[in-house]
$ cat model-v3.cif   # mmCIF, C-alpha atoms
data_run
loop_
_atom_site.label_atom_id
_atom_site.label_comp_id
_atom_site.auth_asym_id
_atom_site.auth_seq_id
_atom_site.Cartn_x
_atom_site.Cartn_y
_atom_site.Cartn_z
CA MET A 1 0.00 0.00 0.00
CA LYS A 2 1.36 3.42 -0.94
CA GLN A 3 2.27 5.80 1.85
CA GLU A 4 2.22 9.57 1.83
CA ILE A 5 5.56 11.16 2.53
CA SER A 6 7.09 14.59 2.38
CA LEU A 7 10.73 15.02 1.42
CA LYS A 8 12.70 18.23 1.53
CA VAL A 9 15.31 17.78 -1.16
CA ASN A 10 17.88 20.51 -1.76
CA GLY A 11 15.49 22.99 -0.15
CA ASP A 12 12.43 22.03 -2.20
CA THR A 13 9.52 20.18 -0.58
CA TYR A 14 8.00 17.23 -2.44
CA ASP A 15 4.79 15.51 -1.32
CA LEU A 16 4.74 12.00 -2.72
CA TYR A 17 2.77 8.76 -2.60
CA ILE A 18 5.22 5.93 -2.76
CA GLU A 19 5.38 2.19 -2.21
CA PRO A 20 7.12 1.28 1.07
CA TRP A 21 9.67 -1.02 -0.54
CA ARG A 22 11.16 1.69 -2.74
CA THR A 23 14.51 3.13 -1.76
CA LEU A 24 15.36 6.79 -1.46
CA ASN A 25 17.77 6.24 -4.35
CA GLU A 26 14.93 5.07 -6.62
CA VAL A 27 12.63 7.91 -5.62
CA LEU A 28 15.30 10.56 -6.14
CA ARG A 29 16.28 9.21 -9.54
CA GLU A 30 12.97 7.98 -10.94
CA ASP A 31 10.33 10.24 -9.37
CA LEU A 32 12.25 13.47 -8.85
CA ASN A 33 14.56 13.05 -11.85
CA LEU A 34 17.58 13.88 -9.69
CA THR A 35 19.93 11.50 -11.46
CA GLY A 36 23.11 13.01 -10.07
CA THR A 37 22.89 10.45 -7.27
CA LYS A 38 24.08 7.14 -8.73
CA LEU A 39 23.32 3.52 -7.97
CA GLY A 40 26.33 1.24 -7.80
CA CYS A 41 26.49 -1.91 -5.70
CA GLY A 42 23.16 -1.60 -3.91
CA SER A 43 24.70 -2.95 -0.72
CA GLY A 44 26.40 0.01 0.97
CA ASP A 45 29.93 -0.78 -0.17
CA CYS A 46 30.65 1.57 -3.08
CA GLY A 47 29.27 4.96 -1.97
CA ALA A 48 28.03 6.02 -5.44
CA CYS A 49 24.56 6.58 -3.95
CA THR A 50 25.72 8.76 -1.04
CA VAL A 51 23.39 11.61 -0.04
CA MET A 52 23.06 13.59 3.15
CA ILE A 53 20.03 13.20 5.40
CA ASP A 54 19.73 15.82 8.15
CA GLY A 55 23.41 16.62 7.70
CA LYS A 56 24.79 13.06 7.80
CA SER A 57 26.06 11.08 4.82
CA VAL A 58 24.16 7.84 4.18
CA SER A 59 23.74 5.25 1.44
CA SER A 60 20.51 6.13 -0.38
CA CYS A 61 20.35 2.58 -1.82
CA LEU A 62 19.84 1.14 1.69
CA THR A 63 17.48 3.87 2.88
CA LEU A 64 13.77 3.32 2.39
CA ALA A 65 12.11 6.47 1.07
CA VAL A 66 9.44 6.16 3.78
CA GLU A 67 12.21 6.37 6.40
CA ALA A 68 13.29 9.71 4.98
CA ASN A 69 9.81 11.15 5.54
CA GLY A 70 10.03 14.68 6.95
CA LYS A 71 13.81 14.81 6.67
CA GLU A 72 16.12 17.21 4.84
CA ILE A 73 18.02 15.61 2.01
CA LEU A 74 21.00 17.04 0.17
CA THR A 75 22.07 15.55 -3.15
CA VAL A 76 24.89 16.62 -5.46
CA GLU A 77 22.40 18.80 -7.34
CA GLY A 78 22.01 20.90 -4.19
CA LEU A 79 25.69 21.18 -3.41
CA ALA A 80 26.33 24.33 -5.44
CA PRO A 81 24.77 27.48 -4.01
CA SER A 82 23.34 28.54 -7.39
CA GLY A 83 23.04 27.36 -10.96
CA GLU A 84 26.10 29.42 -11.85
CA ALA A 85 28.61 29.16 -9.01
CA LEU A 86 30.08 25.79 -8.07
CA HIS A 87 30.65 24.63 -4.50
CA PRO A 88 34.31 24.90 -3.39
CA ILE A 89 34.44 21.08 -3.26
CA GLN A 90 33.36 20.93 -6.92
CA GLU A 91 35.87 23.63 -7.91
CA ALA A 92 38.66 21.72 -6.16
CA PHE A 93 37.69 18.40 -7.80
CA ILE A 94 37.90 20.05 -11.24
CA GLU A 95 41.12 21.92 -10.54
CA LYS A 96 42.94 18.92 -9.07
CA GLY A 97 41.84 16.52 -11.80
CA ALA A 98 39.92 14.40 -9.30
CA ILE A 99 37.25 13.46 -11.86
CA GLN A 100 37.62 10.99 -14.68
CA CYS A 101 34.47 9.04 -15.59
CA GLY A 102 32.50 10.91 -12.93
CA PHE A 103 30.41 8.02 -11.63
CA CYS A 104 31.84 8.14 -8.11
CA THR A 105 32.05 11.95 -8.03
CA PRO A 106 28.64 12.84 -6.54
CA GLY A 107 29.17 10.38 -3.70
CA MET A 108 32.80 11.44 -3.22
CA GLU A 109 31.78 15.10 -3.00
CA LEU A 110 29.11 14.42 -0.40
CA SER A 111 31.51 12.28 1.65
CA ALA A 112 33.97 15.18 1.37
CA LEU A 113 31.29 17.57 2.65
CA ASN A 114 30.48 15.18 5.52
CA LEU A 115 34.14 15.40 6.57
CA LEU A 116 34.75 19.10 5.91
CA LYS A 117 31.61 20.32 7.70
CA ASN A 118 33.36 19.50 10.99
CA ASN A 119 37.02 19.71 9.98
CA LEU A 120 38.33 22.13 7.35
CA GLU A 121 41.93 21.01 7.78
CA PRO A 122 41.84 17.22 7.71
CA ASN A 123 45.10 15.32 7.35
CA GLU A 124 45.60 12.69 4.68
CA THR A 125 44.65 9.80 6.99
CA GLU A 126 41.42 11.53 7.98
CA ILE A 127 40.56 12.16 4.34
CA ARG A 128 41.24 8.55 3.36
CA HIS A 129 39.09 7.30 6.26
CA ALA A 130 36.31 9.70 5.24
CA ILE A 131 36.18 8.27 1.71
CA SER A 132 36.78 4.63 2.71
CA GLY A 133 33.14 3.96 1.79
CA ASN A 134 33.50 5.42 -1.70
CA LEU A 135 35.07 3.42 -4.50
CA CYS A 136 36.71 5.03 -7.54
CA ARG A 137 37.95 2.82 -10.34
CA CYS A 138 39.66 5.58 -12.38
CA THR A 139 41.72 8.01 -10.40
CA GLY A 140 43.68 5.91 -7.95
CA TYR A 141 42.33 8.22 -5.23
CA ASN A 142 45.40 10.46 -4.84
CA LYS A 143 43.90 13.35 -6.78
CA ILE A 144 40.63 13.02 -4.87
CA VAL A 145 42.56 13.21 -1.59
CA ASP A 146 44.40 16.32 -2.88
CA ALA A 147 41.10 17.87 -3.99
CA ILE A 148 39.44 17.35 -0.60
CA ALA A 149 42.39 18.95 1.22
CA ASP A 150 42.24 21.85 -1.24
CA ALA A 151 38.47 22.16 -0.85
CA GLY A 152 38.94 22.54 2.91
CA GLN A 153 41.31 25.45 2.32
CA ARG A 154 38.86 27.05 -0.14
CA MET A 155 35.97 26.71 2.32
CA LYS A 156 38.12 28.15 5.09
CA SER A 157 39.05 31.20 3.05
CA GLN A 158 35.36 31.81 2.31
CA GLN A 159 34.42 31.89 6.00
CA MET B 1 13.92 -7.68 -11.71
CA PRO B 2 11.35 -5.98 -9.46
CA ALA B 3 12.25 -5.47 -5.81
CA PRO B 4 10.53 -7.68 -3.22
CA HIS B 5 7.40 -6.00 -1.89
CA PHE B 6 6.62 -5.46 1.77
CA ASP B 7 4.60 -3.32 4.12
CA TYR B 8 6.28 -0.83 6.41
CA ILE B 9 5.20 0.40 9.81
CA ALA B 10 6.98 2.65 12.29
CA PRO B 11 5.38 2.29 15.73
CA THR B 12 6.12 4.92 18.37
CA THR B 13 6.36 2.65 21.44
CA VAL B 14 8.17 -0.62 22.17
CA ASP B 15 4.86 -2.25 23.19
CA GLU B 16 3.31 -1.38 19.81
CA ALA B 17 6.36 -2.80 18.05
CA VAL B 18 6.14 -6.04 20.06
CA ALA B 19 2.41 -6.32 19.34
CA ALA B 20 3.07 -5.83 15.62
CA LEU B 21 5.84 -8.43 15.70
CA VAL B 22 3.60 -10.96 17.49
CA LYS B 23 0.83 -10.32 14.95
CA GLY B 24 3.19 -10.46 11.97
CA GLY B 25 4.92 -13.65 13.11
CA LYS B 26 7.57 -15.05 10.81
CA ASP B 27 6.60 -12.71 7.98
CA ALA B 28 7.56 -9.62 9.99
CA ARG B 29 11.09 -8.34 10.59
CA VAL B 30 12.31 -5.72 13.00
CA MET B 31 14.53 -3.03 11.49
CA ALA B 32 16.83 -0.54 13.20
CA GLY B 33 19.34 1.00 10.76
CA GLY B 34 18.45 -1.45 8.01
CA THR B 35 22.00 -1.74 6.67
CA ASP B 36 22.03 -5.54 6.98
CA LEU B 37 18.32 -6.20 6.49
CA MET B 38 17.99 -4.08 3.34
CA VAL B 39 20.97 -5.82 1.72
CA LYS B 40 19.40 -9.22 2.44
CA ILE B 41 16.04 -8.10 1.04
CA ARG B 42 17.44 -6.40 -2.06
CA HIS B 43 19.68 -9.37 -2.79
CA ARG B 44 16.73 -11.72 -2.29
CA ALA B 45 17.98 -13.63 0.69
CA LEU B 46 14.95 -12.61 2.77
CA PHE B 47 11.34 -11.96 1.80
CA PRO B 48 9.57 -10.35 4.75
CA LYS B 49 5.97 -9.21 4.23
CA GLN B 50 6.28 -6.49 6.83
CA LEU B 51 9.09 -4.33 8.23
CA ILE B 52 8.71 -2.90 11.71
CA SER B 53 11.00 0.10 12.07
CA LEU B 54 12.19 0.98 15.57
CA LYS B 55 13.41 4.43 14.51
CA ARG B 56 10.33 6.41 15.55
CA ILE B 57 10.33 5.05 19.10
CA ASP B 58 11.19 7.97 21.34
CA GLY B 59 14.30 7.54 23.50
CA LEU B 60 15.35 4.22 21.99
CA ASN B 61 18.44 5.90 20.53
CA ALA B 62 19.64 7.05 23.96
CA ILE B 63 23.16 6.46 25.21
CA THR B 64 23.23 6.81 29.01
CA PHE B 65 26.03 6.40 31.51
CA ASP B 66 26.09 6.14 35.26
CA GLU B 67 29.46 5.79 37.00
CA LYS B 68 28.08 3.41 39.61
CA SER B 69 26.30 1.00 37.29
CA GLY B 70 27.46 1.42 33.73
CA LEU B 71 26.59 2.20 30.14
CA THR B 72 23.33 1.63 28.28
CA ILE B 73 23.22 1.82 24.49
CA GLY B 74 19.70 1.98 23.04
CA ALA B 75 18.61 -0.17 20.12
CA THR B 76 18.62 2.67 17.60
CA ALA B 77 21.81 4.44 18.78
CA LEU B 78 23.96 4.84 15.68
CA LEU B 79 27.38 3.22 15.30
CA ALA B 80 28.71 6.72 14.51
CA ASP B 81 27.29 8.13 17.75
CA VAL B 82 28.75 5.29 19.84
CA ALA B 83 32.13 5.66 18.11
CA SER B 84 32.35 9.39 18.84
CA HIS B 85 30.68 9.48 22.27
CA PRO B 86 33.10 11.17 24.70
CA VAL B 87 32.04 9.09 27.73
CA ILE B 88 32.29 5.82 25.83
CA ARG B 89 35.71 6.80 24.48
CA GLN B 90 36.85 7.56 28.02
CA HIS B 91 35.42 4.63 29.99
CA TYR B 92 34.90 1.98 27.28
CA PRO B 93 37.52 2.75 24.60
CA THR B 94 37.23 -0.65 22.91
CA VAL B 95 33.45 -0.27 22.55
CA ALA B 96 34.06 2.98 20.63
CA GLU B 97 36.88 1.35 18.62
CA ALA B 98 34.71 -1.61 17.63
CA ALA B 99 31.89 0.71 16.51
CA GLN B 100 34.41 2.82 14.59
CA SER B 101 35.81 -0.24 12.82
CA THR B 102 32.37 -1.36 11.64
CA ALA B 103 31.88 -0.82 7.88
CA ASN B 104 32.25 2.73 6.47
CA VAL B 105 31.13 6.28 7.28
CA GLN B 106 27.77 6.01 5.53
CA VAL B 107 26.87 2.69 7.13
CA ARG B 108 27.93 3.98 10.57
CA ASN B 109 25.58 6.95 10.03
CA MET B 110 22.69 4.50 9.49
CA GLY B 111 23.49 1.26 11.30
CA THR B 112 23.32 0.55 15.03
CA VAL B 113 25.40 -1.40 17.55
CA VAL B 114 22.37 -3.41 18.67
CA GLY B 115 21.46 -4.14 15.05
CA ASN B 116 24.97 -5.42 14.42
CA LEU B 117 24.50 -7.83 17.36
CA CYS B 118 20.97 -8.92 16.35
CA ASN B 119 22.14 -9.67 12.82
CA ALA B 120 24.25 -12.32 14.59
CA SER B 121 27.02 -12.56 12.07
CA PRO B 122 29.92 -14.59 13.51
CA SER B 123 32.13 -11.69 12.38
CA ALA B 124 30.01 -8.92 13.98
CA ASP B 125 32.56 -6.24 14.86
CA ASN B 126 30.84 -5.15 18.06
CA ALA B 127 30.33 -8.58 19.64
CA PRO B 128 33.80 -9.65 20.89
CA THR B 129 34.59 -6.59 22.99
CA LEU B 130 31.04 -6.33 24.38
CA ILE B 131 31.10 -10.00 25.43
CA ALA B 132 34.55 -9.42 26.93
CA LEU B 133 33.06 -6.54 28.96
CA ASN B 134 30.30 -8.81 30.28
CA ALA B 135 27.50 -6.91 28.52
CA THR B 136 23.86 -7.95 28.81
CA VAL B 137 21.03 -7.49 26.32
CA ASN B 138 17.73 -6.04 27.49
CA ILE B 139 14.81 -7.69 25.76
CA THR B 140 11.10 -6.85 25.60
CA GLY B 141 8.57 -9.38 24.39
CA PRO B 142 4.92 -10.37 24.72
CA ASN B 143 5.61 -11.73 28.23
CA GLY B 144 7.40 -8.63 29.51
CA THR B 145 11.07 -7.82 29.81
CA ARG B 146 14.12 -9.94 30.53
CA SER B 147 17.86 -9.60 30.22
CA LEU B 148 20.42 -12.08 29.05
CA PRO B 149 24.21 -12.09 29.10
CA LEU B 150 25.45 -11.27 25.59
CA ASP B 151 27.66 -14.33 26.02
CA GLU B 152 24.49 -16.49 25.79
CA PHE B 153 22.76 -14.46 23.06
CA PHE B 154 24.39 -15.93 19.94
CA ARG B 155 23.22 -19.38 18.82
CA GLY B 156 24.68 -19.70 15.32
CA PRO B 157 25.19 -17.69 12.13
CA GLY B 158 22.16 -15.36 11.97
CA LEU B 159 20.61 -17.03 15.01
CA THR B 160 20.01 -15.49 18.43
CA ALA B 161 18.31 -16.45 21.68
CA LEU B 162 15.40 -14.12 20.86
CA GLU B 163 12.03 -15.84 21.02
CA SER B 164 9.22 -14.93 18.67
CA GLY B 165 7.81 -11.48 19.35
CA GLU B 166 10.92 -10.35 21.24
CA ILE B 167 12.91 -7.19 20.53
CA VAL B 168 16.28 -6.12 21.94
CA THR B 169 15.69 -2.64 23.34
CA SER B 170 19.22 -1.90 24.57
CA ILE B 171 22.56 -3.31 25.58
CA PHE B 172 23.98 -2.71 29.02
CA VAL B 173 27.71 -2.68 29.72
CA PRO B 174 28.68 -2.73 33.40
CA MET B 175 31.38 -0.38 34.65
CA PRO B 176 34.62 -2.39 34.47
CA PRO B 177 36.18 -3.19 37.88
CA ALA B 178 39.30 -1.32 39.05
CA HIS B 179 42.60 -2.32 37.42
CA THR B 180 40.87 -3.58 34.29
CA GLY B 181 42.31 -3.28 30.81
CA THR B 182 40.71 -4.04 27.46
CA ALA B 183 41.81 -4.43 23.86
CA TYR B 184 40.09 -4.95 20.52
CA ILE B 185 41.94 -6.00 17.40
CA SER B 186 40.37 -6.80 14.04
CA ILE B 187 42.01 -8.04 10.89
CA SER B 188 40.46 -7.58 7.45
CA GLN B 189 41.65 -7.35 3.88
CA ARG B 190 40.42 -3.85 3.15
CA GLY B 191 41.25 -2.15 6.43
CA GLN B 192 37.84 -1.82 8.02
CA LEU B 193 35.30 -1.57 5.24
CA ASP B 194 34.70 -5.28 4.74
CA CYS B 195 33.74 -7.90 7.30
CA SER B 196 36.49 -8.85 9.70
CA ALA B 197 38.43 -12.01 8.88
CA ILE B 198 39.22 -12.22 12.59
CA GLY B 199 38.18 -10.03 15.51
CA LEU B 200 39.47 -10.27 19.03
CA GLY B 201 38.17 -8.70 22.23
CA ALA B 202 40.10 -9.13 25.48
CA ARG B 203 39.58 -7.93 29.04
CA VAL B 204 42.04 -8.40 31.88
CA THR B 205 41.48 -7.51 35.55
CA LEU B 206 44.57 -7.50 37.74
CA ASP B 207 45.34 -7.59 41.45
CA GLY B 208 48.98 -6.52 41.41
CA ASP B 209 50.51 -8.84 38.82
CA ARG B 210 47.95 -11.55 39.40
CA CYS B 211 45.06 -11.95 36.97
CA THR B 212 41.77 -12.11 38.85
CA ASP B 213 39.46 -12.10 35.83
CA VAL B 214 39.91 -12.40 32.10
CA ARG B 215 37.87 -12.79 28.96
CA ILE B 216 39.06 -13.68 25.49
CA VAL B 217 36.45 -13.50 22.72
CA VAL B 218 37.23 -14.40 19.11
CA GLY B 219 35.03 -13.22 16.22
CA ALA B 220 34.67 -14.84 12.78
CA CYS B 221 36.45 -18.06 13.79
CA ALA B 222 33.45 -20.16 14.90
CA PRO B 223 29.68 -20.21 14.20
CA ILE B 224 29.29 -17.55 16.91
CA PRO B 225 31.54 -14.91 18.50
CA LEU B 226 33.39 -17.37 20.73
CA ARG B 227 34.60 -17.11 24.31
CA THR B 228 37.68 -19.28 24.59
CA LYS B 229 37.01 -20.46 28.12
CA ASP B 230 39.87 -22.96 28.42
CA ALA B 231 42.36 -20.24 27.58
CA GLU B 232 40.69 -17.95 30.12
CA LYS B 233 41.01 -20.68 32.80
CA MET B 234 44.75 -20.92 32.18
CA LEU B 235 45.15 -17.25 33.15
CA ILE B 236 42.82 -16.78 36.11
CA GLY B 237 44.68 -16.63 39.42
CA GLN B 238 48.04 -16.60 37.68
CA GLU B 239 50.71 -13.99 37.18
CA LEU B 240 50.28 -12.71 33.62
CA THR B 241 53.75 -13.39 32.25
CA ASP B 242 54.55 -13.13 28.54
CA GLU B 243 55.19 -16.86 28.50
CA LEU B 244 51.79 -17.72 30.01
CA ILE B 245 50.07 -15.30 27.63
CA ARG B 246 51.70 -17.08 24.67
CA LYS B 247 50.51 -20.48 25.92
CA ALA B 248 46.96 -19.21 26.53
CA ALA B 249 46.87 -17.62 23.08
CA GLN B 250 47.76 -20.96 21.52
CA LYS B 251 44.98 -22.58 23.55
CA ALA B 252 42.51 -19.88 22.42
CA SER B 253 43.38 -20.61 18.81
CA ASP B 254 42.91 -24.36 19.41
CA GLU B 255 39.42 -23.69 20.75
CA THR B 256 38.25 -21.96 17.56
CA SER B 257 36.83 -23.83 14.58
CA PRO B 258 37.35 -21.46 11.66
CA ILE B 259 36.30 -22.12 8.09
CA THR B 260 37.98 -21.12 4.85
CA ASP B 261 36.02 -18.44 3.00
CA VAL B 262 36.57 -15.40 0.79
CA ARG B 263 37.97 -13.39 3.68
CA ALA B 264 40.66 -15.80 4.91
CA SER B 265 41.66 -19.45 5.03
CA ALA B 266 41.06 -21.56 8.13
CA ALA B 267 44.81 -22.06 8.58
CA TYR B 268 45.46 -18.30 8.40
CA ARG B 269 42.69 -17.60 10.88
CA GLN B 270 44.08 -20.11 13.35
CA LYS B 271 47.63 -18.80 13.06
CA VAL B 272 46.63 -15.15 13.33
CA THR B 273 44.23 -15.76 16.21
CA THR B 274 47.24 -16.80 18.28
CA VAL B 275 49.17 -13.71 17.25
CA ILE B 276 46.42 -11.17 17.93
CA THR B 277 45.43 -12.87 21.19
CA ILE B 278 48.99 -12.34 22.41
CA ARG B 279 48.91 -8.72 21.29
CA ALA B 280 45.48 -8.04 22.79
CA LEU B 281 46.36 -9.61 26.16
CA ILE B 282 49.60 -7.64 26.36
CA ASP B 283 47.76 -4.40 25.49
CA ALA B 284 45.01 -5.17 28.02
CA ARG B 285 47.61 -5.99 30.69
CA LYS B 286 49.35 -2.69 30.04
CA MET B 287 46.10 -0.75 30.31
CA ALA B 288 45.08 -2.63 33.49
CA LYS B 289 48.37 -1.70 35.16
CA ARG B 290 47.88 1.93 34.22
CA LYS B 291 44.25 2.09 35.36
CA LYS B 292 43.34 2.68 38.96
#
$ encode --input "model-v3.cif" --output "structure tokens"
Amino acid sequence: MKQEISLKVNGDTYDLYIEPWRTLNEVLREDLNLTGTKLGCGSGDCGACTVMIDGKSVSSCLTLAVEANGKEILTVEGLAPSGEALHPIQEAFIEKGAIQCGFCTPGMELSALNLLKNNLEPNETEIRHAISGNLCRCTGYNKIVDAIADAGQRMKSQQ
Amino acid sequence: MPAPHFDYIAPTTVDEAVAALVKGGKDARVMAGGTDLMVKIRHRALFPKQLISLKRIDGLNAITFDEKSGLTIGATALLADVASHPVIRQHYPTVAEAAQSTANVQVRNMGTVVGNLCNASPSADNAPTLIALNATVNITGPNGTRSLPLDEFFRGPGLTALESGEIVTSIFVPMPPAHTGTAYISISQRGQLDCSAIGLGARVTLDGDRCTDVRIVVGACAPIPLRTKDAEKMLIGQELTDELIRKAAQKASDETSPITDVRASAAYRQKVTTVITIRALIDARKMAKRKK
């Protein structure tokens, strides 16, 4: 039986009727057309589906949409403050060459935000721990680690 | 392939959740963080007709501490919250370490310590150190509440002592006695992200150099997180010398019955169990000597 839920995604409120077995990942991608959030392994290992719920990074593939009822969700589409300016994390990823195929990027950027929101000057170990739940098959990670450190500096200078 | 279909309810009290579980019977499953249950459902290993979420039950996510009695971790307290909790880090460092070494950031932001225990994987990261600390599980069911030593909770892979209609509402960890040291060591291929190939929780209580109480609990090397009681017996009442620790560690390894799987071979597990038991007992001894 469908349930009525209300999701606040990237600041916009959506009232939806959805089946209880559908994941937040499916609802974001299929109902709201927010396809920036990817689906990879479907078991919480790869991090491609990472979004933030009430300020904490989670795997949207393991989150039932009904469980996100009434919560604030941030996806990669909401990361940049406007349609024109990029978020400092996105600028740093571009500048440092931390993107190749791009499939892991939305999840990587949200995991980066989850780290940087509490710590703008993480060391390399902290960065690697923060992205241990995000797999990238292109970059070899080093440029992503550089980009996250750089993003912290950019965010700090904007404060 | 379409996803398995099920109903979802989120009761607001434990009694309502128990009533729903009794009514739903075998077709109903209790869910806390869902990080294990959802994987099983989506990969078609389980086909529940109804999920009963515990997340909307007020206060069930509480972490409370009393210096006289101990620590209580509610059923929906997140792994991330346990790992970063200042009181847990101070008084129960291995409980925080075990939570921190469970899965990855995202899963720790969703999953719970109690859920990790109820999933009853032999490799559950949080089981060895909690058994070593003599934790008990608080259970509510159709006939009221009861508590059970965590040591007696696990019955096999995926199997617990829970009877039908029963829900674990919290886990209680008593305040460790004076001069007690603990250690938790886990070995896995990918650091911490994947399931542990071996986990080891140790607790040592000393009176001077003499060991008055000890627990050695090995994860992922038997059908359940295993207390190696013969090895413990070798140490109780004795002076904890390096030589005795080495002998007891060998005994602990002999008591396990590991299998060969994707994470490690049986022979590797047996060899490394000895090594990390030695390390954990030496670490715990050091901490016990330091602690008043």
$ residues_around --input "model-v3.cif" --residues "Gly237 (chain B)" --least-positions-apart "6" --cutoff "7 Å" --atoms "only C-alpha atoms" --output "list in words"
Arg210, Cys211 and Thr212 of chain B
$ residues_around --input "model-v3.cif" --residues "region 219-235 of chain B" --least-positions-apart "2" --cutoff "9 Å" --atoms "all atoms listed in the file" --output "MDAnalysis selection string"
chainID B and resid 120:125 127:128 131:132 151 154:159 186 195:201 210:217 237:240 244:245 247:259 266 269:270 273
$ interface_residues --input "model-v3.cif" --of "chain A" --to "chain B" --cutoff "6 Å" --atoms "all atoms listed in the file" --output "JSON, numbers by chain"
{"A": [20, 21, 43, 57, 58, 59, 62, 133]}
$ resolve_selection --input "model-v3.cif" --expression "the PyMOL selection byres ((chain A and resi 94) around 12)" --output "MDAnalysis selection string"
chainID A and resid 86:93 95:100 102 105 109 143:144 146:148 150:151
$ closest_residue --input "model-v3.cif" --among "A:Gln159, A:Gln153, A:Thr63, A:Asn134" --to "Ala48 (chain A)" --atoms "all atoms listed in the file"
A:Asn134
$ atom_distance --input "model-v3.cif" --atom1 "CA of Ile18 (chain A)" --atom2 "CA of Val22 (chain B)"
26.4 Å
$ residues_near_point --input "model-v3.cif" --point "(17.3, 3.5, -5.8)" --cutoff "10 Å" --atoms "all atoms listed in the file" --output "MDAnalysis selection string"
chainID A and resid 22:30 37:40 42 49 59:65
$ atom_distance --input "model-v3.cif" --atom1 "CA of Gln3 (chain A)" --atom2 "CA of Lys71 (chain A)"
15.4 Å
$ atom_distance --input "model-v3.cif" --atom1 "CA of Ala178 (chain B)" --atom2 "CA of Thr205 (chain B)"
7.4 Å
$ resolve_selection --input "model-v3.cif" --expression "the PyMOL selection byres ((chain B and resi 287) around 9)" --output "ChimeraX atom specification"
/B:179-183,204,282-286,288-291
$ resolve_selection --input "model-v3.cif" --expression "the PyMOL selection byres ((chain A and resi 75) around 10)" --output "number ranges by chain"
A: 9-10, 28, 34-37, 49-53, 57, 60, 73-74, 76-79, 106-107, 109-110
$ closest_residue --input "model-v3.cif" --among "A:Gly140, A:Asn119, A:Ala149, A:Phe103" --to "Cys46 (chain A)" --atoms "all atoms listed in the file"
A:Phe103
$ residues_around --input "model-v3.cif" --residues "Leu133 (chain B)" --least-positions-apart "5" --cutoff "8 Å" --atoms "only C-alpha atoms" --output "mmCIF file with C-alpha atoms, in the coordinates of the input"
data_model
loop_
_atom_site.group_PDB
_atom_site.id
_atom_site.type_symbol
_atom_site.label_atom_id
_atom_site.label_comp_id
_atom_site.auth_asym_id
_atom_site.auth_seq_id
_atom_site.Cartn_x
_atom_site.Cartn_y
_atom_site.Cartn_z
ATOM 1 C CA VAL B 173 27.710 -2.680 29.720
ATOM 2 C CA PRO B 174 28.680 -2.730 33.400
ATOM 3 C CA PRO B 176 34.620 -2.390 34.470
ATOM 4 C CA ARG B 203 39.580 -7.930 29.040
ATOM 5 C CA ARG B 215 37.870 -12.790 28.960
#
$ axis_aligned_box --input "model-v3.cif" --around "region 51-60 of chain B" --padding-each-side "4 Å" --output "AutoDock Vina command-line options"
--center_x 12.0 --center_y 1.8 --center_z 15.9 --size_x 14.6 --size_y 20.3 --size_z 23.3
